[in-house]
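Source file: data-v8.cif; contents: mmCIF, C-alpha atoms.
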data_input
#
loop_
_atom_site.label_atom_id
_atom_site.label_comp_id
_atom_site.auth_asym_id
_atom_site.auth_seq_id
_atom_site.Cartn_x
_atom_site.Cartn_y
_atom_site.Cartn_z
CA MET A 1 -1.65 15.55 -30.88
CA SER A 2 -5.01 15.53 -29.10
CA LEU A 3 -6.97 18.75 -29.02
CA PRO A 4 -7.29 20.39 -25.57
CA GLY A 5 -10.54 19.54 -23.81
CA THR A 6 -11.23 16.36 -25.79
CA ALA A 7 -11.79 13.01 -24.07
CA GLN A 8 -8.52 11.76 -25.58
CA ALA A 9 -6.58 14.74 -24.23
CA ASP A 10 -8.23 14.37 -20.84
CA SER A 11 -7.27 10.69 -20.66
CA ALA A 12 -3.66 11.41 -21.64
CA ALA A 13 -3.28 14.17 -19.04
CA MET A 14 -4.91 12.04 -16.33
CA ALA A 15 -2.61 9.12 -17.16
CA HIS A 16 0.28 11.54 -16.61
CA ALA A 17 -1.20 12.58 -13.24
CA LEU A 18 -1.64 8.94 -12.19
CA ALA A 19 1.99 8.20 -13.06
CA LEU A 20 3.08 11.13 -10.87
CA GLY A 21 1.04 9.85 -7.94
CA ARG A 22 2.63 6.41 -8.18
CA ARG A 23 6.00 7.99 -7.43
CA VAL A 24 5.10 8.33 -3.76
CA GLN A 25 3.09 5.20 -3.09
CA GLY A 26 4.21 3.92 0.28
CA GLN A 27 5.71 7.26 1.33
CA CYS A 28 2.81 9.58 2.16
CA TRP A 29 0.42 7.67 4.43
CA PRO A 30 -2.09 8.33 5.92
CA ASN A 31 -2.69 10.64 2.94
CA PRO A 32 -3.35 9.24 -0.54
CA ALA A 33 -0.64 9.36 -3.22
CA VAL A 34 -2.29 11.93 -5.49
CA GLY A 35 -0.96 13.29 -8.77
CA CYS A 36 -1.91 16.59 -10.39
CA VAL A 37 -1.18 18.06 -13.83
CA LEU A 38 -2.05 21.60 -14.95
CA THR A 39 -2.41 22.29 -18.66
CA ARG A 40 -3.04 25.48 -20.59
CA GLU A 41 -3.69 25.57 -24.33
CA GLY A 42 -2.53 21.96 -24.56
CA ARG A 43 0.77 22.55 -22.75
CA VAL A 44 1.72 21.26 -19.30
CA VAL A 45 2.38 24.28 -17.05
CA GLY A 46 2.51 22.56 -13.65
CA ARG A 47 2.96 19.11 -12.16
CA GLY A 48 2.75 17.87 -8.62
CA TRP A 49 2.37 14.85 -6.40
CA THR A 50 1.75 14.38 -2.70
CA GLN A 51 5.04 14.91 -0.94
CA PRO A 52 6.63 12.29 1.33
CA GLY A 53 4.96 12.44 4.73
CA GLY A 54 1.67 13.54 3.14
CA ARG A 55 2.20 17.29 2.67
CA PRO A 56 2.14 19.49 0.67
CA HIS A 57 -0.67 18.03 -1.41
CA ALA A 58 -0.33 17.44 -5.14
CA GLU A 59 -2.47 20.42 -6.14
CA THR A 60 -0.42 22.82 -4.01
CA VAL A 61 2.83 21.64 -5.60
CA ALA A 62 1.45 21.86 -9.15
CA LEU A 63 0.00 25.35 -8.58
CA ALA A 64 3.32 26.57 -7.19
CA GLU A 65 5.15 25.32 -10.26
CA ALA A 66 2.60 26.89 -12.63
CA GLY A 67 2.52 30.27 -10.91
CA ASP A 68 0.50 32.82 -12.92
CA LEU A 69 0.04 30.28 -15.72
CA ALA A 70 -2.50 28.47 -13.53
CA ARG A 71 -5.09 31.16 -14.30
CA GLY A 72 -7.42 29.78 -16.93
CA ALA A 73 -5.72 26.36 -16.85
CA THR A 74 -7.22 22.88 -16.56
CA ALA A 75 -6.25 20.85 -13.50
CA TYR A 76 -6.17 17.05 -13.73
CA VAL A 77 -6.34 15.46 -10.27
CA THR A 78 -6.40 11.72 -9.55
CA LEU A 79 -8.57 12.17 -6.43
CA GLU A 80 -11.17 14.81 -5.63
CA PRO A 81 -9.53 17.95 -4.17
CA CYS A 82 -10.00 18.05 -0.40
CA ALA A 83 -12.63 20.39 1.04
CA HIS A 84 -11.66 20.37 4.72
CA HIS A 85 -9.20 22.34 6.80
CA GLY A 86 -6.47 20.13 8.25
CA GLN A 87 -2.85 21.10 8.69
CA THR A 88 -3.21 22.89 5.33
CA PRO A 89 -6.13 24.78 3.71
CA PRO A 90 -8.46 22.90 1.34
CA CYS A 91 -7.05 22.15 -2.09
CA ALA A 92 -10.41 23.07 -3.63
CA ASP A 93 -9.93 26.59 -2.28
CA ALA A 94 -6.36 26.74 -3.61
CA LEU A 95 -7.55 25.84 -7.12
CA MET A 96 -10.27 28.50 -6.92
CA ALA A 97 -7.86 31.16 -5.69
CA ALA A 98 -5.43 30.36 -8.51
CA GLY A 99 -8.11 31.03 -11.13
CA VAL A 100 -8.21 27.52 -12.60
CA ALA A 101 -10.98 27.37 -15.22
CA ARG A 102 -11.60 23.61 -15.29
CA VAL A 103 -10.91 20.64 -13.05
CA VAL A 104 -10.91 17.02 -14.24
CA VAL A 105 -11.25 14.51 -11.40
CA ALA A 106 -10.60 10.78 -11.76
CA LEU A 107 -12.21 9.61 -8.53
CA ARG A 108 -14.36 11.03 -5.75
CA ASP A 109 -12.85 11.07 -2.26
CA PRO A 110 -14.97 8.92 0.09
CA ASP A 111 -13.51 10.60 3.18
CA PRO A 112 -16.61 12.08 4.86
CA ARG A 113 -14.74 15.35 5.32
CA THR A 114 -14.76 15.74 1.52
CA ASP A 115 -16.99 13.14 -0.26
CA GLY A 116 -18.26 15.39 -3.03
CA GLY A 117 -17.71 18.58 -1.07
CA GLY A 118 -14.61 19.58 -3.01
CA ILE A 119 -16.38 19.16 -6.34
CA ALA A 120 -19.42 21.07 -5.06
CA ARG A 121 -17.25 24.00 -3.96
CA LEU A 122 -15.53 24.16 -7.32
CA ARG A 123 -18.80 24.12 -9.22
CA ALA A 124 -20.31 26.73 -6.91
CA ALA A 125 -17.38 28.98 -7.83
CA GLY A 126 -18.20 28.61 -11.52
CA ILE A 127 -15.42 26.15 -12.32
CA ASP A 128 -16.23 23.47 -14.88
CA VAL A 129 -15.73 20.02 -13.33
CA THR A 130 -15.48 16.73 -15.22
CA GLU A 131 -15.63 13.50 -13.21
CA GLY A 132 -14.69 9.89 -13.88
CA THR A 133 -11.74 10.20 -16.27
CA LEU A 134 -9.68 6.98 -15.88
CA GLU A 135 -11.73 6.20 -12.79
CA LYS A 136 -10.90 2.49 -12.70
CA ALA A 137 -7.16 3.12 -12.91
CA ALA A 138 -7.43 5.72 -10.15
CA ALA A 139 -9.44 3.35 -7.97
CA ARG A 140 -6.65 0.78 -8.29
CA ASP A 141 -3.92 3.32 -7.52
CA HIS A 142 -5.84 4.63 -4.50
CA ALA A 143 -7.08 1.21 -3.36
CA GLY A 144 -5.20 1.37 -0.05
CA PHE A 145 -6.56 4.80 0.86
CA LEU A 146 -10.08 3.70 -0.14
CA SER A 147 -9.78 0.57 1.98
CA ARG A 148 -8.74 2.50 5.07
CA VAL A 149 -11.56 5.02 4.67
CA GLN A 150 -14.30 2.55 3.73
CA LYS A 151 -13.28 -0.58 5.67
CA GLY A 152 -11.10 0.83 8.44
CA ARG A 153 -8.16 -1.33 7.42
CA PRO A 154 -5.22 -1.09 5.00
CA ARG A 155 -5.20 -2.94 1.71
CA LEU A 156 -3.34 -6.22 2.16
CA THR A 157 -1.02 -7.84 -0.37
CA LEU A 158 0.25 -11.34 0.39
CA LYS A 159 3.57 -12.39 -1.13
CA LEU A 160 4.48 -16.04 -1.62
CA ALA A 161 7.83 -17.14 -3.10
CA SER A 162 7.93 -20.86 -3.72
CA SER A 163 9.16 -23.75 -5.78
CA PHE A 164 7.19 -25.01 -8.77
CA ASP A 165 5.38 -27.41 -6.42
CA GLY A 166 4.49 -24.74 -3.85
CA ARG A 167 7.25 -25.30 -1.28
CA ILE A 168 9.14 -22.58 0.58
CA ALA A 169 11.93 -24.75 2.01
CA THR A 170 13.33 -28.25 1.98
CA GLY A 171 12.29 -30.69 4.66
CA SER A 172 15.36 -29.64 6.66
CA GLY A 173 14.36 -25.97 6.46
CA GLU A 174 16.84 -24.77 3.82
CA SER A 175 15.27 -21.92 1.83
CA ARG A 176 18.03 -19.56 0.60
CA TRP A 177 17.58 -19.08 -2.20
CA ILE A 178 14.63 -20.69 -3.99
CA THR A 179 14.05 -17.69 -6.23
CA GLY A 180 16.78 -15.73 -7.98
CA PRO A 181 18.24 -12.23 -7.50
CA ASP A 182 15.86 -10.57 -9.99
CA ALA A 183 12.84 -11.83 -8.07
CA ARG A 184 14.37 -10.64 -4.81
CA ARG A 185 14.91 -7.16 -6.29
CA GLU A 186 11.27 -7.14 -7.33
CA VAL A 187 10.29 -7.96 -3.74
CA HIS A 188 12.22 -4.91 -2.55
CA ALA A 189 10.32 -2.79 -5.10
CA GLU A 190 7.05 -4.18 -3.76
CA ARG A 191 8.08 -3.29 -0.21
CA ALA A 192 8.83 0.25 -1.35
CA ARG A 193 5.35 0.63 -2.89
CA HIS A 194 3.65 -0.24 0.41
CA ASP A 195 3.38 1.66 3.67
CA ALA A 196 4.42 -1.36 5.71
CA VAL A 197 5.86 -4.87 5.57
CA LEU A 198 4.29 -7.48 7.88
CA VAL A 199 5.46 -10.87 9.12
CA GLY A 200 4.34 -13.23 11.84
CA GLY A 201 6.35 -13.94 14.96
CA GLY A 202 7.40 -17.36 13.70
CA THR A 203 9.06 -15.88 10.61
CA ALA A 204 10.70 -13.18 12.70
CA ARG A 205 12.21 -15.79 15.02
CA ALA A 206 13.23 -18.27 12.31
CA ASP A 207 14.57 -15.93 9.60
CA ASP A 208 15.66 -12.90 11.64
CA PRO A 209 14.77 -10.53 8.74
CA THR A 210 15.36 -6.79 8.54
CA LEU A 211 12.44 -6.23 6.09
CA THR A 212 14.13 -3.11 4.73
CA VAL A 213 14.17 -1.90 1.14
CA ARG A 214 17.62 -2.31 -0.36
CA GLY A 215 19.17 -1.58 -3.74
CA LEU A 216 16.70 1.16 -4.76
CA GLY A 217 18.60 4.24 -3.67
CA ARG A 218 17.72 6.53 -0.80
CA ILE A 219 14.00 6.23 -0.10
CA ALA A 220 11.87 6.28 3.02
CA GLN A 221 11.76 2.83 4.57
CA PRO A 222 8.36 1.18 5.07
CA VAL A 223 7.10 0.48 8.57
CA ARG A 224 8.31 -2.99 9.56
CA ILE A 225 5.72 -4.92 11.56
CA VAL A 226 5.87 -8.21 13.40
CA ALA A 227 2.73 -9.83 14.81
CA SER A 228 3.59 -11.74 17.98
CA ARG A 229 0.94 -12.40 20.59
CA ARG A 230 3.33 -12.63 23.55
CA LEU A 231 6.17 -10.63 22.00
CA ASP A 232 8.43 -13.64 22.46
CA LEU A 233 10.98 -12.25 20.04
CA ARG A 234 14.75 -12.50 20.17
CA PRO A 235 16.11 -9.46 22.04
CA ASP A 236 19.07 -9.34 19.65
CA ALA A 237 16.90 -9.66 16.52
CA ARG A 238 17.91 -7.49 13.60
CA LEU A 239 14.50 -5.82 13.59
CA MET A 240 15.13 -4.58 17.13
CA ARG A 241 18.72 -3.59 16.45
CA THR A 242 17.72 -1.50 13.41
CA ALA A 243 14.68 0.24 14.92
CA SER A 244 16.57 3.55 14.84
CA GLU A 245 17.04 3.22 11.06
CA GLY A 246 13.33 2.94 10.21
CA PRO A 247 10.08 2.41 12.09
CA VAL A 248 9.41 -0.98 13.67
CA TRP A 249 6.01 -1.87 15.14
CA ALA A 250 4.93 -4.94 17.07
CA LEU A 251 1.35 -6.18 17.26
CA HIS A 252 0.71 -8.08 20.48
CA GLY A 253 -2.07 -9.52 22.58
CA SER A 254 -3.22 -8.72 26.10
CA ASP A 255 -1.10 -11.57 27.47
CA ALA A 256 2.22 -9.96 26.46
CA SER A 257 4.15 -9.19 29.61
CA PRO A 258 4.78 -5.56 30.62
CA GLU A 259 8.48 -6.40 30.80
CA ARG A 260 8.58 -7.43 27.14
CA ILE A 261 6.56 -4.40 26.09
CA GLY A 262 8.93 -2.19 28.07
CA ALA A 263 12.01 -3.78 26.53
CA LEU A 264 10.76 -3.29 23.00
CA ASP A 265 9.68 0.25 23.75
CA ALA A 266 13.16 0.99 25.05
CA ALA A 267 14.59 -0.37 21.79
CA GLY A 268 12.45 2.10 19.82
CA VAL A 269 9.73 -0.35 18.80
CA ARG A 270 6.12 0.87 18.81
CA CYS A 271 3.94 -1.75 20.51
CA LEU A 272 0.27 -1.93 19.47
CA LEU A 273 -2.33 -3.95 21.35
CA ALA A 274 -4.50 -6.10 19.07
CA PRO A 275 -7.54 -8.24 20.01
CA LEU A 276 -7.38 -11.98 20.48
CA GLY A 277 -9.73 -14.36 18.72
CA HIS A 278 -11.62 -17.26 20.27
CA ASP A 279 -8.57 -19.46 19.65
CA ARG A 280 -6.44 -17.05 21.74
CA HIS A 281 -4.39 -16.07 18.68
CA LEU A 282 -4.22 -12.52 17.37
CA GLU A 283 -7.44 -11.88 15.50
CA PRO A 284 -6.59 -11.06 11.84
CA GLU A 285 -9.34 -8.51 11.18
CA GLY A 286 -8.65 -6.84 14.51
CA MET A 287 -4.93 -6.54 13.70
CA LEU A 288 -5.64 -4.80 10.42
CA GLN A 289 -8.16 -2.48 12.06
CA VAL A 290 -5.45 -1.45 14.53
CA LEU A 291 -3.07 -0.75 11.65
CA GLY A 292 -5.75 1.23 9.83
CA ALA A 293 -6.40 3.32 12.93
CA ALA A 294 -2.65 4.02 13.05
CA GLY A 295 -2.89 5.49 9.54
CA LEU A 296 -1.56 2.71 7.31
CA THR A 297 -3.20 2.32 3.90
CA SER A 298 -1.25 -0.59 2.38
CA VAL A 299 0.53 -3.57 3.90
CA PHE A 300 2.80 -6.11 2.19
CA CYS A 301 2.73 -9.42 4.07
CA GLU A 302 5.66 -11.82 3.71
CA GLY A 303 4.40 -14.74 5.79
CA GLY A 304 5.01 -17.23 7.25
CA GLY A 305 2.78 -20.05 6.17
CA ALA A 306 0.45 -20.28 9.17
CA PHE A 307 0.12 -16.51 9.42
CA ALA A 308 -0.62 -16.20 5.70
CA ALA A 309 -3.24 -18.95 5.95
CA SER A 310 -4.99 -17.13 8.79
CA LEU A 311 -5.27 -13.99 6.64
CA LEU A 312 -6.69 -15.98 3.73
CA GLN A 313 -9.14 -17.76 6.00
CA ALA A 314 -10.37 -14.41 7.27
CA ASP A 315 -10.86 -13.18 3.67
CA LEU A 316 -8.52 -10.23 4.23
CA VAL A 317 -6.13 -10.70 1.31
CA ASP A 318 -6.81 -8.18 -1.45
CA GLU A 319 -3.96 -9.19 -3.73
CA LEU A 320 -1.62 -12.15 -4.10
CA VAL A 321 1.89 -11.71 -5.49
CA GLY A 322 3.57 -15.01 -6.28
CA PHE A 323 7.14 -15.73 -7.33
CA THR A 324 7.54 -19.26 -8.67
CA ALA A 325 10.93 -20.84 -9.28
CA GLY A 326 11.70 -23.67 -11.67
CA VAL A 327 12.70 -26.10 -8.93
CA ALA A 328 10.75 -28.96 -7.33
CA LEU A 329 11.22 -29.87 -3.65
CA GLY A 330 8.70 -32.68 -3.27
CA ALA A 331 6.19 -33.59 -0.59
CA GLU A 332 8.85 -33.50 2.15
CA GLY A 333 9.39 -29.79 1.50
CA ARG A 334 7.65 -27.20 3.65
CA PRO A 335 4.42 -25.86 2.11
CA SER A 336 4.00 -22.15 1.42
CA LEU A 337 0.68 -22.07 3.29
CA GLY A 338 -0.53 -23.61 6.52
CA PRO A 339 -3.87 -25.46 6.77
CA LEU A 340 -6.93 -23.59 5.50
CA GLY A 341 -9.53 -26.08 6.69
CA ILE A 342 -11.04 -26.45 3.22
CA SER A 343 -12.98 -29.63 2.47
CA ALA A 344 -14.81 -28.45 -0.67
CA LEU A 345 -13.22 -26.78 -3.68
CA ALA A 346 -16.09 -24.28 -3.81
CA ASP A 347 -14.97 -22.94 -0.42
CA ALA A 348 -11.41 -22.14 -1.53
CA PRO A 349 -10.56 -18.43 -1.85
CA ARG A 350 -10.44 -17.37 -5.49
CA PHE A 351 -8.43 -14.62 -7.16
CA ASP A 352 -8.30 -13.30 -10.72
CA LEU A 353 -5.02 -13.12 -12.61
CA ILE A 354 -4.03 -9.53 -13.49
CA ASP A 355 -0.34 -9.93 -14.38
CA SER A 356 2.11 -12.67 -15.27
CA ARG A 357 5.68 -12.23 -16.51
CA ALA A 358 9.18 -13.60 -16.30
CA VAL A 359 11.47 -12.04 -13.69
CA GLY A 360 14.92 -13.37 -14.39
CA GLY A 361 14.67 -17.14 -14.17
CA ASP A 362 11.43 -17.05 -12.16
CA VAL A 363 7.80 -16.19 -12.88
CA LEU A 364 5.89 -13.38 -11.18
CA HIS A 365 2.12 -13.76 -11.09
CA ARG A 366 -0.23 -11.23 -9.54
CA TRP A 367 -3.79 -12.03 -8.53
CA GLN A 368 -6.59 -9.74 -7.35
CA ARG A 369 -9.43 -10.57 -4.99
CA ARG A 370 -12.40 -11.78 -6.99
CA GLY A 371 -15.36 -9.42 -6.93
#

What's the structure tokens form of this structure?
Amino acid sequence: MSLPGTAQADSAAMAHALALGRRVQGQCWPNPAVGCVLTREGRVVGRGWTQPGGRPHAETVALAEAGDLARGATAYVTLEPCAHHGQTPPCADALMAAGVARVVVALRDPDPRTDGGGIARLRAAGIDVTEGTLEKAAARDHAGFLSRVQKGRPRLTLKLASSFDGRIATGSGESRWITGPDARREVHAERARHDAVLVGGGTARADDPTLTVRGLGRIAQPVRIVASRRLDLRPDARLMRTASEGPVWALHGSDASPERIGALDAAGVRCLLAPLGHDRHLEPEGMLQVLGAAGLTSVFCEGGGAFAASLLQADLVDELVGFTAGVALGAEGRPSLGPLGISALADAPRFDLIDSRAVGGDVLHRWQRRG
């Protein structure tokens, strides 16, 4: 067993805190999914994670569980304790009031309302603060929150499920099912880890998806988003019919008719105006900025091909998740991506492989934006 206060013990306790935070990824936006562990004399006395909806914060939950045992304890927090008054008092103040002796922080909070302020308050109160424990792992876990704060947009993951030769359907349009049931279950898990699931209008019209999470028990459904410039969506689409069962948003351009906006609004769909690009299509960066302003930190995009290509062209894809099946459909099959306008290999978007494994009879491969 690691001795309390050693680097090894700090890393083990922070890994525990990170695992707790991952429990609520996709369920607490616009707040980050923070984990907190309180230890005293090498024993865990309190655990907490950001609650669904964003409150209470992880530190508050862990302190409540620890009670009087928090006095003199060490708090391990995956993101710097907040220093600003919002709907709840600052977590830095709560740690001070509880008599915590030491705080170990994985990552500083870039939110200008905190950004070092929480750590400064703790140190000013005489609390020993250690920074940077498992910082890289925390930066990955909080990547969506960091993206919204620093770039104004949510982190974007693009999913592609295709045949061995990169096709998503036969030439006649048949696509169910290229990948197997295990891969489809993994897709539902990916949806659950994100704040929202996004598709283009073409996919919404052709596939009539619900985009819900199924088979994972009772969890909060992600926001389901369709990007359609004119909102020319089927009025009887399953997305519209299930808007009361989980949030549905529609991104549209200035040329969407008031009648269509009104009809969707009446169905319980939140309509969000997004800017148009020079080609009169919805501008990809502008769409994500709108979603960031609405509070989203992570978005899971499920196509279609032209929409996915536009996001890649705009250099907005932070992660690729691919599911490849052992079937070949040939050149007459429909490609997984639309044209990218690439004439030189050096201009192609590049990603680094971070995971590859078998999922049932298919292969999952995960790629992260290079640099």

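Distances from A:Val45, A:Val24, A:Ala97, A:Ala73 to His142 in chain A were compared using only C-alpha atoms, and the smallest one belongs to A:Val24.
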
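From CA of Gly303 in chain A back to CA of Ser147 in chain A, the distance works out to 21.2 Å.
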
Pull out every residue that the PyMOL selection byres ((chain A and resi 332) around 7) matches in the shown coordinates and put them as a list in words.
-> Thr170, Gly171, Gly330, Ala331, Gly333 and Arg334 of chain A

Just-selected residues, C-alpha atoms written as a short mmCIF file (atom, residue, chain, number, x, y, z; two decimals), in the coordinates of the input:
data_model
loop_
_atom_site.label_atom_id
_atom_site.label_comp_id
_atom_site.auth_asym_id
_atom_site.auth_seq_id
_atom_site.Cartn_x
_atom_site.Cartn_y
_atom_site.Cartn_z
CA THR A 170 13.33 -28.25 1.98
CA GLY A 171 12.29 -30.69 4.66
CA GLY A 330 8.70 -32.68 -3.27
CA ALA A 331 6.19 -33.59 -0.59
CA GLY A 333 9.39 -29.79 1.50
CA ARG A 334 7.65 -27.20 3.65
#

Excluding same-chain residues fewer than 2 positions from range 226-237 of chain A, what lies within 9 Å of it counting only C-alpha atoms, as a PyMOL selection string?
-> chain A and resi 197-205+208-210+224+239-242+248-257+260-261+263-264+274+276+280-282+287+307

To test your reading of the syntax: which residues would the PyMOL selection byres ((chain A and resi 348-353) around 9) return for the file shown? Reply as a tab-separated table (two decimals) with C-alpha atoms, keeping the file's coordinate frame.
chain	number	residue	atom	x	y	z
A	312	LEU	CA	-6.69	-15.98	3.73
A	313	GLN	CA	-9.14	-17.76	6.00
A	315	ASP	CA	-10.86	-13.18	3.67
A	318	ASP	CA	-6.81	-8.18	-1.45
A	319	GLU	CA	-3.96	-9.19	-3.73
A	320	LEU	CA	-1.62	-12.15	-4.10
A	340	LEU	CA	-6.93	-23.59	5.50
A	342	ILE	CA	-11.04	-26.45	3.22
A	343	SER	CA	-12.98	-29.63	2.47
A	344	ALA	CA	-14.81	-28.45	-0.67
A	345	LEU	CA	-13.22	-26.78	-3.68
A	346	ALA	CA	-16.09	-24.28	-3.81
A	347	ASP	CA	-14.97	-22.94	-0.42
A	354	ILE	CA	-4.03	-9.53	-13.49
A	355	ASP	CA	-0.34	-9.93	-14.38
A	356	SER	CA	2.11	-12.67	-15.27
A	365	HIS	CA	2.12	-13.76	-11.09
A	366	ARG	CA	-0.23	-11.23	-9.54
A	367	TRP	CA	-3.79	-12.03	-8.53
A	368	GLN	CA	-6.59	-9.74	-7.35
A	369	ARG	CA	-9.43	-10.57	-4.99
A	370	ARG	CA	-12.40	-11.78	-6.99
A	371	GLY	CA	-15.36	-9.42	-6.93

Chain and number of each residue from the PyMOL selection byres ((chain A and resi 293) around 12), as a PyMOL selection string = chain A and resi 29-30+147-149+151-154+272-274+286-292+294-297

For the selection you just gave me, I'd like the residues written to a file as a compact mmCIF listing (two decimals), in the frame of the given file, keeping C-alpha atoms.
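Output contents, as saved in selection_34.txt:
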# COMPACT_ATOMS: atom_id res chain seq x y z
CA TRP A 29 0.42 7.67 4.43
CA PRO A 30 -2.09 8.33 5.92
CA SER A 147 -9.78 0.57 1.98
CA ARG A 148 -8.74 2.50 5.07
CA VAL A 149 -11.56 5.02 4.67
CA LYS A 151 -13.28 -0.58 5.67
CA GLY A 152 -11.10 0.83 8.44
CA ARG A 153 -8.16 -1.33 7.42
CA PRO A 154 -5.22 -1.09 5.00
CA LEU A 272 0.27 -1.93 19.47
CA LEU A 273 -2.33 -3.95 21.35
CA ALA A 274 -4.50 -6.10 19.07
CA GLY A 286 -8.65 -6.84 14.51
CA MET A 287 -4.93 -6.54 13.70
CA LEU A 288 -5.64 -4.80 10.42
CA GLN A 289 -8.16 -2.48 12.06
CA VAL A 290 -5.45 -1.45 14.53
CA LEU A 291 -3.07 -0.75 11.65
CA GLY A 292 -5.75 1.23 9.83
CA ALA A 294 -2.65 4.02 13.05
CA GLY A 295 -2.89 5.49 9.54
CA LEU A 296 -1.56 2.71 7.31
CA THR A 297 -3.20 2.32 3.90

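The gap separating CA of Pro247 in chain A from CA of Cys36 in chain A is 29.2 Å, in Å to one decimal.
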
Grab the CA of Asp10 in chain A to CA of Ala138 in chain A distance for me, in Å with one decimal place.
-> 13.8 Å

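Using only C-alpha atoms, the shortest contact distance between Pro81 in chain A and any of A:Thr6, A:Asp68, A:Asp109, A:Pro56 is found at A:Asp109.
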
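Restricting the calculation to all atoms listed in the file, the smallest distance between Ser11 in chain A and any of A:Asp141, A:Asp165, A:Glu135, A:Asp279 is found for A:Glu135.
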
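Counting only C-alpha atoms and comparing A:Thr130, A:Ser298, A:Gln150, A:Asn31, the residue that lies closest to Arg191 in chain A is A:Ser298.
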
Would you give the centre and edge lengths, in Å to one decimal, of a box along x, y and z around the listed atoms of range 241-247 of chain A, with 3 Å added to each side, as JSON?
{"center_x": 14.4, "center_y": 0.0, "center_z": 13.3, "size_x": 14.6, "size_y": 13.1, "size_z": 12.2}

From the list A:Pro284, A:Pro335, A:Gly217, A:Gly117, the nearest residue to Ile168 in chain A using all atoms listed in the file is A:Pro335

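Nearest to Ala58 in chain A of all the residues A:Gly21, A:Gly26, A:Gly262, A:Gly72 is A:Gly21, based on all atoms listed in the file.
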
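Proximity to Thr324 in chain A at 6 Å, evaluated using all atoms listed in the file and with sequence-adjacent residues fewer than 2 positions away removed, yields Ala161, Ser162, Ser163, Phe164, Asp362 and Val363 of chain A.
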
For the residues selected in the previous step, produce a file with C-alpha atoms as a PDB file, keeping the file's coordinate frame.
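Everything below was put into part-v5.pdb:
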ATOM      1  CA  ALA A 161       7.830 -17.140  -3.100  1.00  0.00           C
ATOM      2  CA  SER A 162       7.930 -20.860  -3.720  1.00  0.00           C
ATOM      3  CA  SER A 163       9.160 -23.750  -5.780  1.00  0.00           C
ATOM      4  CA  PHE A 164       7.190 -25.010  -8.770  1.00  0.00           C
ATOM      5  CA  ASP A 362      11.430 -17.050 -12.160  1.00  0.00           C
ATOM      6  CA  VAL A 363       7.800 -16.190 -12.880  1.00  0.00           C
TER       7      VAL A 363
END
